[in-house]
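Colleague: Next up, run.cif (mmCIF, C-alpha atoms).
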data_query
#
loop_
_atom_site.label_atom_id
_atom_site.label_comp_id
_atom_site.auth_asym_id
_atom_site.auth_seq_id
_atom_site.Cartn_x
_atom_site.Cartn_y
_atom_site.Cartn_z
CA MET H 1 -18.93 30.46 30.78
CA ASP H 2 -15.31 31.20 30.11
CA PHE H 3 -14.92 30.53 26.39
CA GLN H 4 -11.28 31.48 26.49
CA ALA H 5 -10.51 28.85 29.14
CA LEU H 6 -12.45 26.20 27.22
CA ALA H 7 -10.60 27.16 24.03
CA ASP H 8 -7.27 26.90 25.85
CA ASN H 9 -8.17 23.42 27.08
CA LEU H 10 -8.70 22.29 23.52
CA GLY H 11 -5.61 24.03 22.25
CA PHE H 12 -7.61 26.41 20.02
CA ASP H 13 -7.68 30.16 19.85
CA LEU H 14 -10.87 31.97 20.79
CA GLU H 15 -12.03 32.54 17.21
CA GLU H 16 -11.62 28.89 16.30
CA PHE H 17 -13.46 27.88 19.43
CA LYS H 18 -16.35 30.21 18.68
CA GLU H 19 -16.62 28.69 15.24
CA LEU H 20 -16.99 25.28 16.86
CA VAL H 21 -19.53 26.58 19.37
CA GLU H 22 -21.60 27.99 16.55
CA LEU H 23 -21.57 24.60 14.89
CA PHE H 24 -22.50 23.03 18.22
CA VAL H 25 -25.46 25.36 18.73
CA ASP H 26 -26.74 24.55 15.24
CA THR H 27 -26.37 20.79 15.41
CA GLY H 28 -27.38 20.74 19.10
CA THR H 29 -30.61 22.55 18.30
CA ALA H 30 -31.34 20.08 15.54
CA ASP H 31 -30.58 17.16 17.89
CA LEU H 32 -32.85 18.64 20.52
CA ASN H 33 -35.71 19.05 18.05
CA SER H 34 -35.15 15.46 17.16
CA VAL H 35 -35.42 14.51 20.84
CA PHE H 36 -38.73 16.32 21.26
CA SER H 37 -40.27 14.75 18.18
CA ALA H 38 -38.94 11.35 19.26
CA ILE H 39 -40.72 11.75 22.60
CA GLU H 40 -43.97 12.46 20.78
CA GLU H 41 -43.47 9.58 18.40
CA LYS H 42 -42.36 7.33 21.28
CA ASP H 43 -39.31 6.45 19.24
CA ALA H 44 -36.69 5.50 21.81
CA ASP H 45 -34.10 4.66 19.18
CA LYS H 46 -34.33 8.05 17.54
CA ALA H 47 -34.14 9.76 20.95
CA THR H 48 -31.09 7.73 21.93
CA LYS H 49 -29.23 8.69 18.76
CA ALA H 50 -30.01 12.38 19.11
CA VAL H 51 -29.02 12.48 22.77
CA HIS H 52 -25.88 10.54 22.05
CA SER H 53 -24.87 13.15 19.50
CA LEU H 54 -25.55 15.96 22.00
CA LYS H 55 -23.55 14.18 24.64
CA GLY H 56 -20.53 13.68 22.41
CA ALA H 57 -20.37 17.20 21.02
CA SER H 58 -20.88 18.93 24.37
CA GLY H 59 -18.29 16.74 26.05
CA ASN H 60 -15.72 17.41 23.37
CA LEU H 61 -16.17 21.15 23.66
CA GLY H 62 -16.06 21.08 27.45
CA PHE H 63 -19.69 22.02 28.10
CA MET H 64 -19.77 19.60 30.97
CA GLU H 65 -23.18 20.55 32.36
CA VAL H 66 -24.88 19.76 29.06
CA HIS H 67 -22.70 16.69 28.79
CA GLN H 68 -23.74 15.35 32.21
CA ILE H 69 -27.44 15.95 31.57
CA ALA H 70 -27.20 14.28 28.15
CA LYS H 71 -25.33 11.35 29.62
CA LYS H 72 -28.17 10.59 32.01
CA MET H 73 -30.76 11.17 29.27
CA GLU H 74 -29.02 8.67 27.03
CA ILE H 75 -29.37 5.94 29.65
CA ASP H 76 -33.07 6.75 30.10
CA ALA H 77 -33.70 6.89 26.36
CA ARG H 78 -31.90 3.63 25.77
CA ASN H 79 -34.07 1.98 28.42
CA ASN H 80 -37.22 3.33 26.82
CA ARG H 81 -38.02 5.77 29.66
CA LEU H 82 -38.87 8.62 27.34
CA GLU H 83 -41.04 10.33 29.97
CA GLU H 84 -37.85 10.91 31.96
CA ILE H 85 -36.04 12.90 29.30
CA SER H 86 -38.54 15.63 28.59
CA GLU H 87 -37.55 17.89 31.51
CA PRO H 88 -33.78 17.55 31.05
CA ALA H 89 -34.27 18.23 27.33
CA LYS H 90 -35.90 21.55 28.21
CA LEU H 91 -33.02 22.29 30.54
CA ILE H 92 -30.55 21.66 27.72
CA ARG H 93 -32.54 23.96 25.48
CA GLU H 94 -32.07 26.75 28.03
CA LYS H 95 -28.38 26.03 28.28
CA LEU H 96 -28.01 26.06 24.50
CA LYS H 97 -29.79 29.41 24.44
CA ALA H 98 -27.42 30.79 27.08
CA ILE H 99 -24.43 29.57 25.06
CA SER H 100 -25.85 31.08 21.90
CA ASP H 101 -26.52 34.40 23.67
CA GLN H 102 -23.01 34.53 24.98
CA LEU H 103 -21.68 33.77 21.52
CA ASN H 104 -23.61 36.62 19.96
CA GLY H 105 -23.38 38.96 22.93
CA MET Y 1 8.98 15.01 14.98
CA THR Y 2 10.96 11.99 16.02
CA GLY Y 3 11.44 8.82 14.07
CA LYS Y 4 11.43 8.19 10.35
CA GLY Y 5 8.91 9.57 7.93
CA LEU Y 6 7.14 12.88 7.77
CA LYS Y 7 3.70 13.52 9.14
CA SER Y 8 2.60 14.18 5.59
CA ASP Y 9 3.45 10.55 4.79
CA PHE Y 10 0.61 9.52 7.09
CA PRO Y 11 -2.64 11.11 5.99
CA ILE Y 12 -5.42 10.46 8.47
CA LEU Y 13 -9.01 9.58 7.69
CA ILE Y 14 -11.45 10.80 10.32
CA VAL Y 15 -14.73 8.91 10.50
CA GLU Y 16 -17.21 10.72 12.71
CA ASP Y 17 -20.88 11.57 12.25
CA SER Y 18 -21.03 14.44 14.70
CA PRO Y 19 -20.08 17.67 12.88
CA VAL Y 20 -18.71 19.23 16.07
CA SER Y 21 -16.51 16.29 17.02
CA ARG Y 22 -15.37 15.95 13.42
CA LYS Y 23 -14.37 19.59 13.28
CA ILE Y 24 -12.47 19.36 16.57
CA LEU Y 25 -10.52 16.35 15.32
CA GLU Y 26 -9.80 17.99 11.99
CA LYS Y 27 -8.56 21.19 13.58
CA ASN Y 28 -6.43 19.36 16.13
CA LEU Y 29 -4.74 17.19 13.54
CA LEU Y 30 -4.27 19.95 10.98
CA LYS Y 31 -2.62 22.07 13.63
CA ALA Y 32 -0.29 19.23 14.47
CA GLY Y 33 0.75 19.11 10.82
CA TYR Y 34 -1.20 16.10 9.58
CA GLU Y 35 -3.08 15.82 6.33
CA VAL Y 36 -6.69 14.90 7.07
CA ALA Y 37 -9.82 13.86 5.26
CA SER Y 38 -13.22 13.10 6.75
CA ALA Y 39 -16.09 10.71 6.30
CA GLU Y 40 -19.42 10.74 8.09
CA ASN Y 41 -19.85 7.02 8.56
CA GLY Y 42 -18.21 3.67 7.92
CA LEU Y 43 -19.59 3.20 4.42
CA GLU Y 44 -18.35 6.56 3.29
CA ALA Y 45 -14.98 5.79 4.89
CA LEU Y 46 -14.69 2.54 2.91
CA GLU Y 47 -15.51 4.39 -0.30
CA ARG Y 48 -12.79 6.91 0.43
CA LEU Y 49 -10.31 4.15 1.20
CA GLN Y 50 -11.07 2.59 -2.19
CA SER Y 51 -10.03 5.71 -4.05
CA ARG Y 52 -7.13 6.69 -1.81
CA PHE Y 53 -5.04 4.95 0.80
CA PHE Y 54 -5.02 6.29 4.35
CA PRO Y 55 -2.59 4.53 6.70
CA ILE Y 56 -4.35 5.91 9.78
CA VAL Y 57 -8.09 5.76 10.41
CA LEU Y 58 -9.61 7.50 13.40
CA SER Y 59 -13.14 6.28 13.78
CA ASP Y 60 -16.09 6.99 16.01
CA TRP Y 61 -17.95 3.94 17.30
CA ILE Y 62 -21.63 4.75 17.01
CA MET Y 63 -22.55 6.04 13.56
CA PRO Y 64 -25.44 5.58 11.12
CA GLU Y 65 -25.09 3.32 8.02
CA MET Y 66 -21.98 1.52 9.25
CA ASP Y 67 -20.63 1.80 12.75
CA GLY Y 68 -17.01 1.78 13.89
CA LEU Y 69 -16.93 -1.93 14.75
CA ASN Y 70 -18.18 -2.95 11.33
CA LEU Y 71 -15.78 -0.54 9.70
CA CYS Y 72 -12.88 -2.19 11.58
CA ARG Y 73 -14.02 -5.61 10.38
CA ALA Y 74 -14.44 -4.43 6.80
CA ILE Y 75 -11.00 -2.84 6.74
CA ARG Y 76 -9.36 -5.97 8.13
CA LYS Y 77 -11.13 -8.09 5.50
CA GLY Y 78 -10.18 -5.75 2.66
CA GLU Y 79 -7.02 -5.58 0.60
CA PHE Y 80 -5.07 -2.37 0.86
CA GLN Y 81 -1.62 -1.32 -0.21
CA GLY Y 82 -0.40 -1.32 3.37
CA TYR Y 83 -1.44 -1.80 6.96
CA ILE Y 84 -4.13 0.54 8.25
CA PHE Y 85 -3.75 1.62 11.84
CA ILE Y 86 -7.19 2.08 13.36
CA VAL Y 87 -7.95 4.09 16.49
CA LEU Y 88 -11.52 3.76 17.79
CA LEU Y 89 -12.97 6.80 19.49
CA THR Y 90 -15.56 5.84 21.98
CA ALA Y 91 -17.64 7.03 24.88
CA LYS Y 92 -17.94 3.39 25.78
CA ASP Y 93 -15.34 2.59 28.34
CA SER Y 94 -16.41 -0.70 29.83
CA LYS Y 95 -13.84 -3.48 29.53
CA SER Y 96 -16.13 -5.60 27.39
CA ASP Y 97 -16.69 -2.75 24.90
CA ILE Y 98 -12.97 -2.17 24.59
CA ILE Y 99 -12.35 -5.86 24.05
CA ALA Y 100 -15.07 -5.95 21.37
CA GLY Y 101 -13.39 -3.03 19.62
CA LEU Y 102 -9.96 -4.60 19.66
CA GLU Y 103 -11.36 -7.94 18.53
CA ALA Y 104 -13.06 -6.26 15.58
CA GLY Y 105 -9.63 -5.13 14.43
CA ALA Y 106 -8.96 -1.78 16.09
CA ASP Y 107 -5.33 -1.22 17.10
CA ASP Y 108 -6.03 1.29 19.81
CA TYR Y 109 -8.85 3.25 21.36
CA LEU Y 110 -9.46 6.63 22.85
CA THR Y 111 -12.30 7.39 25.23
CA LYS Y 112 -14.36 10.50 24.65
CA PRO Y 113 -14.23 13.29 25.52
CA PHE Y 114 -10.63 12.86 24.47
CA HIS Y 115 -7.65 14.93 25.45
CA SER Y 116 -5.74 16.34 22.52
CA ALA Y 117 -2.29 15.37 23.87
CA GLU Y 118 -3.52 11.81 24.31
CA LEU Y 119 -4.87 11.77 20.75
CA MET Y 120 -1.47 12.88 19.42
CA ALA Y 121 0.32 10.26 21.49
CA ARG Y 122 -1.93 7.48 20.13
CA ILE Y 123 -1.29 8.63 16.59
CA GLN Y 124 2.45 8.66 17.20
CA THR Y 125 2.14 5.06 18.40
CA GLY Y 126 0.43 4.28 15.12
CA ILE Y 127 3.16 5.94 13.10
CA ARG Y 128 5.79 3.96 14.99
CA ILE Y 129 4.06 0.72 14.06
CA LEU Y 130 3.48 1.81 10.46
CA ASN Y 131 7.17 2.66 10.14
CA LEU Y 132 8.09 -0.79 11.43
CA GLU Y 133 5.74 -2.32 8.91
CA LYS Y 134 7.26 -0.21 6.15
CA SER Y 135 10.84 -1.22 6.91
CA LEU Y 136 9.83 -4.86 7.24
CA LYS Y 137 8.12 -4.72 3.86
CA LYS Y 138 11.13 -3.05 2.29
CA ALA Y 139 13.49 -5.66 3.71
CA ASN Y 140 11.20 -8.41 2.40
CA GLU Y 141 11.08 -6.90 -1.07
CA GLU Y 142 14.86 -6.59 -1.06
CA ILE Y 143 15.23 -10.25 -0.06
CA GLN Y 144 12.75 -11.22 -2.78
CA ARG Y 145 14.69 -9.20 -5.33
CA LEU Y 146 18.08 -10.54 -4.27
CA SER Y 147 16.91 -14.13 -4.37
CA LYS Y 148 16.31 -13.79 -8.12
CA ILE Y 149 19.42 -11.86 -9.06
CA ASP Y 150 22.98 -12.83 -9.91
CA PRO Y 151 25.02 -10.45 -7.75
CA LEU Y 152 27.89 -9.93 -10.20
CA THR Y 153 25.98 -9.09 -13.36
CA GLY Y 154 22.59 -8.02 -12.05
CA CYS Y 155 20.94 -10.49 -14.44
CA PHE Y 156 18.39 -13.01 -13.20
CA ASN Y 157 19.89 -16.17 -11.73
CA ARG Y 158 19.35 -19.77 -12.67
CA SER Y 159 16.84 -20.56 -9.94
CA TYR Y 160 14.68 -17.72 -11.22
CA LEU Y 161 14.91 -19.21 -14.71
CA ASN Y 162 13.76 -22.56 -13.35
CA GLU Y 163 10.83 -20.89 -11.70
CA ARG Y 164 9.71 -18.60 -14.51
CA LEU Y 165 10.50 -20.31 -17.80
CA PRO Y 166 7.89 -23.10 -17.41
CA ASN Y 167 5.18 -20.48 -16.84
CA GLU Y 168 6.39 -18.37 -19.70
CA ILE Y 169 6.18 -21.40 -22.01
CA LEU Y 170 2.72 -22.38 -20.73
CA ARG Y 171 1.42 -18.89 -21.30
CA ALA Y 172 2.83 -18.70 -24.82
CA ARG Y 173 1.21 -22.05 -25.68
CA ARG Y 174 -2.12 -21.12 -24.18
CA TYR Y 175 -2.39 -17.90 -26.16
CA ARG Y 176 -0.77 -19.42 -29.24
CA HIS Y 177 2.10 -16.98 -29.19
CA PRO Y 178 5.65 -17.69 -30.35
CA LEU Y 179 8.54 -17.73 -27.87
CA SER Y 180 12.27 -17.86 -28.46
CA LEU Y 181 15.35 -18.60 -26.42
CA ILE Y 182 18.93 -17.52 -27.03
CA LEU Y 183 21.87 -19.22 -25.33
CA SER Y 184 25.08 -17.25 -25.59
CA ASP Y 185 28.59 -17.29 -24.24
CA ILE Y 186 31.85 -15.38 -24.52
CA ASP Y 187 34.39 -16.91 -26.90
CA HIS Y 188 37.61 -18.05 -25.22
CA PHE Y 189 36.61 -16.64 -21.87
CA LYS Y 190 39.03 -18.96 -20.10
CA LYS Y 191 41.92 -17.36 -21.99
CA ILE Y 192 40.82 -13.89 -20.88
CA ASN Y 193 40.72 -15.07 -17.28
CA ASP Y 194 44.13 -16.72 -17.55
CA ALA Y 195 45.75 -13.74 -19.26
CA HIS Y 196 44.23 -10.91 -17.18
CA GLY Y 197 43.09 -12.49 -13.93
CA HIS Y 198 39.66 -12.98 -12.38
CA LEU Y 199 38.98 -9.34 -11.54
CA ILE Y 200 39.27 -8.40 -15.20
CA GLY Y 201 37.30 -11.52 -16.05
CA ASP Y 202 34.50 -10.25 -13.80
CA LYS Y 203 34.57 -6.86 -15.49
CA VAL Y 204 34.28 -8.56 -18.90
CA LEU Y 205 31.31 -10.59 -17.64
CA LYS Y 206 29.59 -7.46 -16.36
CA ASP Y 207 30.09 -5.52 -19.61
CA TYR Y 208 28.97 -8.50 -21.64
CA ALA Y 209 25.82 -8.89 -19.54
CA ASN Y 210 25.09 -5.18 -19.94
CA GLY Y 211 25.53 -5.55 -23.67
CA LEU Y 212 23.00 -8.40 -23.77
CA THR Y 213 20.50 -6.53 -21.63
CA ALA Y 214 20.83 -3.36 -23.71
CA GLY Y 215 20.10 -5.39 -26.85
CA VAL Y 216 16.66 -6.63 -25.79
CA ARG Y 217 13.31 -5.13 -24.85
CA ILE Y 218 13.07 -3.83 -21.30
CA ASN Y 219 10.45 -5.59 -19.13
CA ILE Y 220 9.52 -8.04 -21.89
CA ASP Y 221 12.65 -10.01 -22.68
CA TRP Y 222 14.72 -11.19 -19.75
CA VAL Y 223 18.36 -12.14 -19.36
CA VAL Y 224 19.63 -14.92 -17.11
CA ARG Y 225 23.15 -15.79 -16.06
CA TYR Y 226 22.90 -19.51 -16.67
CA GLY Y 227 26.35 -20.35 -15.34
CA GLY Y 228 29.97 -19.14 -15.69
CA GLU Y 229 30.06 -17.13 -18.92
CA GLU Y 230 26.82 -18.61 -20.29
CA PHE Y 231 23.71 -16.46 -20.53
CA ILE Y 232 20.15 -17.19 -21.62
CA ILE Y 233 17.79 -14.63 -23.09
CA ILE Y 234 14.06 -15.39 -23.12
CA LEU Y 235 12.10 -13.53 -25.77
CA PRO Y 236 8.33 -13.85 -25.35
CA GLU Y 237 6.11 -13.04 -28.34
CA THR Y 238 9.11 -13.34 -30.61
CA THR Y 239 9.34 -15.62 -33.64
CA PHE Y 240 12.45 -17.69 -34.23
CA ASP Y 241 13.41 -15.54 -37.24
CA ASP Y 242 13.17 -12.34 -35.20
CA ALA Y 243 15.18 -13.92 -32.39
CA VAL Y 244 17.96 -14.76 -34.85
CA ARG Y 245 17.99 -11.11 -35.95
CA VAL Y 246 18.18 -9.99 -32.30
CA ALA Y 247 21.07 -12.37 -31.65
CA GLU Y 248 22.90 -11.19 -34.77
CA ARG Y 249 22.50 -7.57 -33.75
CA ILE Y 250 23.82 -8.28 -30.26
CA ARG Y 251 26.71 -10.30 -31.67
CA MET Y 252 27.83 -7.35 -33.80
CA LYS Y 253 27.50 -4.93 -30.90
CA ILE Y 254 29.55 -7.13 -28.58
CA GLU Y 255 32.23 -7.52 -31.20
CA LYS Y 256 32.65 -3.73 -31.39
CA MET Y 257 32.33 -3.12 -27.68
CA LYS Y 258 35.39 -1.62 -26.01
CA ILE Y 259 35.97 -3.06 -22.55
CA LYS Y 260 38.13 -0.62 -20.64
CA ILE Y 261 40.66 -2.14 -18.29
CA ASN Y 262 43.39 -0.15 -16.58
CA GLY Y 263 43.44 2.45 -19.32
CA ASP Y 264 43.62 -0.24 -21.95
CA SER Y 265 40.85 -1.64 -24.15
CA LEU Y 266 39.90 -5.24 -24.60
CA PHE Y 267 37.65 -6.72 -27.27
CA ILE Y 268 35.64 -9.93 -27.08
CA THR Y 269 33.43 -11.94 -29.37
CA SER Y 270 30.56 -14.24 -28.49
CA SER Y 271 28.59 -17.11 -29.97
CA PHE Y 272 24.86 -17.74 -30.01
CA GLY Y 273 22.53 -20.72 -30.19
CA VAL Y 274 18.93 -19.77 -30.98
CA THR Y 275 15.73 -21.79 -30.87
CA GLY Y 276 12.05 -21.10 -30.56
CA PHE Y 277 8.56 -22.32 -31.29
CA ASP Y 278 5.41 -21.13 -32.96
CA THR Y 279 1.95 -22.74 -33.13
CA ALA Y 280 3.14 -25.21 -35.78
CA VAL Y 281 5.42 -26.92 -33.25
CA SER Y 282 3.59 -29.56 -31.24
CA ASP Y 283 3.38 -29.48 -27.45
CA GLU Y 284 5.31 -32.64 -26.72
CA LEU Y 285 8.42 -31.15 -28.35
CA ILE Y 286 8.49 -28.23 -25.97
CA SER Y 287 9.80 -28.04 -22.42
CA PRO Y 288 12.31 -25.76 -20.69
CA GLU Y 289 14.89 -28.55 -20.67
CA MET Y 290 14.40 -29.38 -24.35
CA MET Y 291 14.63 -25.76 -25.39
CA ILE Y 292 17.86 -25.21 -23.48
CA LYS Y 293 19.27 -28.46 -24.80
CA ARG Y 294 18.44 -27.49 -28.37
CA ALA Y 295 19.92 -24.00 -28.00
CA ASP Y 296 23.02 -25.60 -26.52
CA GLN Y 297 23.39 -27.83 -29.58
CA TYR Y 298 23.26 -24.77 -31.87
CA LEU Y 299 25.70 -22.91 -29.65
CA TYR Y 300 28.06 -25.88 -29.93
CA GLN Y 301 27.67 -25.76 -33.70
CA ALA Y 302 28.53 -22.04 -33.71
CA LYS Y 303 31.65 -22.79 -31.69
CA GLN Y 304 32.62 -25.62 -34.01
CA THR Y 305 32.20 -23.49 -37.10
CA GLY Y 306 34.49 -20.66 -36.06
CA ARG Y 307 32.86 -18.79 -33.12
CA ASN Y 308 31.52 -15.21 -33.22
CA ARG Y 309 28.48 -16.69 -34.95
CA VAL Y 310 24.76 -17.18 -34.57
CA ASN Y 311 23.39 -20.66 -35.26
CA GLY Y 312 19.86 -21.82 -34.68
CA GLY Y 313 16.75 -23.68 -35.70
CA LEU Y 314 13.10 -24.08 -34.68
CA MET Y 315 12.22 -26.68 -32.07
CA GLU Y 316 11.49 -29.97 -33.81
#
Transcribe the structure of this file into structure tokens.
Modeller:
Amino acid sequence: MDFQALADNLGFDLEEFKELVELFVDTGTADLNSVFSAIEEKDADKATKAVHSLKGASGNLGFMEVHQIAKKMEIDARNNRLEEISEPAKLIREKLKAISDQLNG
Amino acid sequence: MTGKGLKSDFPILIVEDSPVSRKILEKNLLKAGYEVASAENGLEALERLQSRFFPIVLSDWIMPEMDGLNLCRAIRKGEFQGYIFIVLLTAKDSKSDIIAGLEAGADDYLTKPFHSAELMARIQTGIRILNLEKSLKKANEEIQRLSKIDPLTGCFNRSYLNERLPNEILRARRYRHPLSLILSDIDHFKKINDAHGHLIGDKVLKDYANGLTAGVRINIDWVVRYGGEEFIIILPETTFDDAVRVAERIRMKIEKMKIKINGDSLFITSSFGVTGFDTAVSDELISPEMMIKRADQYLYQAKQTGRNRVNGGLME
């Protein structure tokens, strides 16, 4: 992922962007944990909120892959198809890890 | 920036629950030179708006506690010192969502993920509208002010007296406070006009009015140009005896006042009719018309008994 290009798109310098990405990794991880527990608790409302938050933050930063996955998950969660969102949630976890690795690499 | 007003005149309140989105908005707006504050949901935003006014609110739609739609409605229902321009940020982009947002009171909307140039453009639109509102308000206040003021002397005019004196009397009666009224005019004003012309006559009126205004309490007593060279001073919370003392003090000041005209000095004198009421005076004896009529009788007496005098008596 080209952080510099993403930073340019937002009109930030690289350091500022990294600061935002760090915040995204933190809150995204928390959202994701929330999604997993919501699946277990069969709480569609909770899942929808967490995925919505993931979708918004990733979209704003330009992480479009995460954004697209979250967008689909939100529709599934809203329609109470929690079994559909487990796999994509794992996929997002991998992507968050990759972003985090790149940040600290 | 173009247009009137500085960016710092338009602090922006960001309402967004997502920390990442909030940070992006904050950074964007700070960079552009705006002052920003943030709230995490609608309720917190309302609390902030209570303690400080923000003319621009940038709000997310979906938030815990109070969402963007309800925040719009609450802001439109509330009373604030000026118009609040609301931009809704939303991932919802269906026509019906947008309509719901606008109907709830949003002025504009921005679909997420937003583009920073578009955000700035929407805010500029807001500032344009807020500036229009500001100048409209200013013009209205000026019209309001002018409608009460006599243009020559800057004193209140007669229609303002008609509007305010009845209330002033009612209030004094209700709280059992005294109230006094002084009617005053310049002695032989017609002679001054005839001898020196109307321009000098106007200057004399202005200086005389300033002398009256300087002799009473600012923001409590008020001075009205009743007509021609006749002025009325209303003195709330003032007993008749005190009002007589005020009139006497003003009379002496006017008598000594040098009115400068074309390098020369002119002196004038003035006469005063004073009346007033306290709790001992019964209601049916008191009305704006009766008070003015009574003061006029005392003013007439002062004229008859040599001018440059104060005459008066309680309402009875």
Colleague: Mind listing whatever residues come within 8 Å of the point (5.5, -25.5, -35.0)? Use all atoms listed in the file, file coordinates, and give them as an MDAnalysis selection string.
Modeller: chainID Y and resid 277:282 314:316
Colleague: For chain H, report every residue with an atom at most 12 Å from chain Y (counting all atoms listed in the file), formatted as a count of residues only.
Modeller: 45
Colleague: I want to know what sits within 8 Å of Y:Pro236, based on all atoms listed in the file, with residues of the same chain fewer than 4 positions away left out; could you give that as a ChimeraX atom specification?
Modeller: /Y:168,172,177-180,220-221
Colleague: Please put the answer as JSON: centre and edge lengths, in Å with one decimal, of a box along x, y and z that encloses all listed atoms of stretch 21-38 of chain H plus 3 Å on each side.
Modeller:
{"center_x": -29.9, "center_y": 19.7, "center_z": 18.1, "size_x": 26.7, "size_y": 22.6, "size_z": 12.4}
Colleague: Between atom CA of Y:Ser184 and atom CA of Y:Gly197, measure the distance and give it in Å to one decimal.
Modeller: 22.0 Å
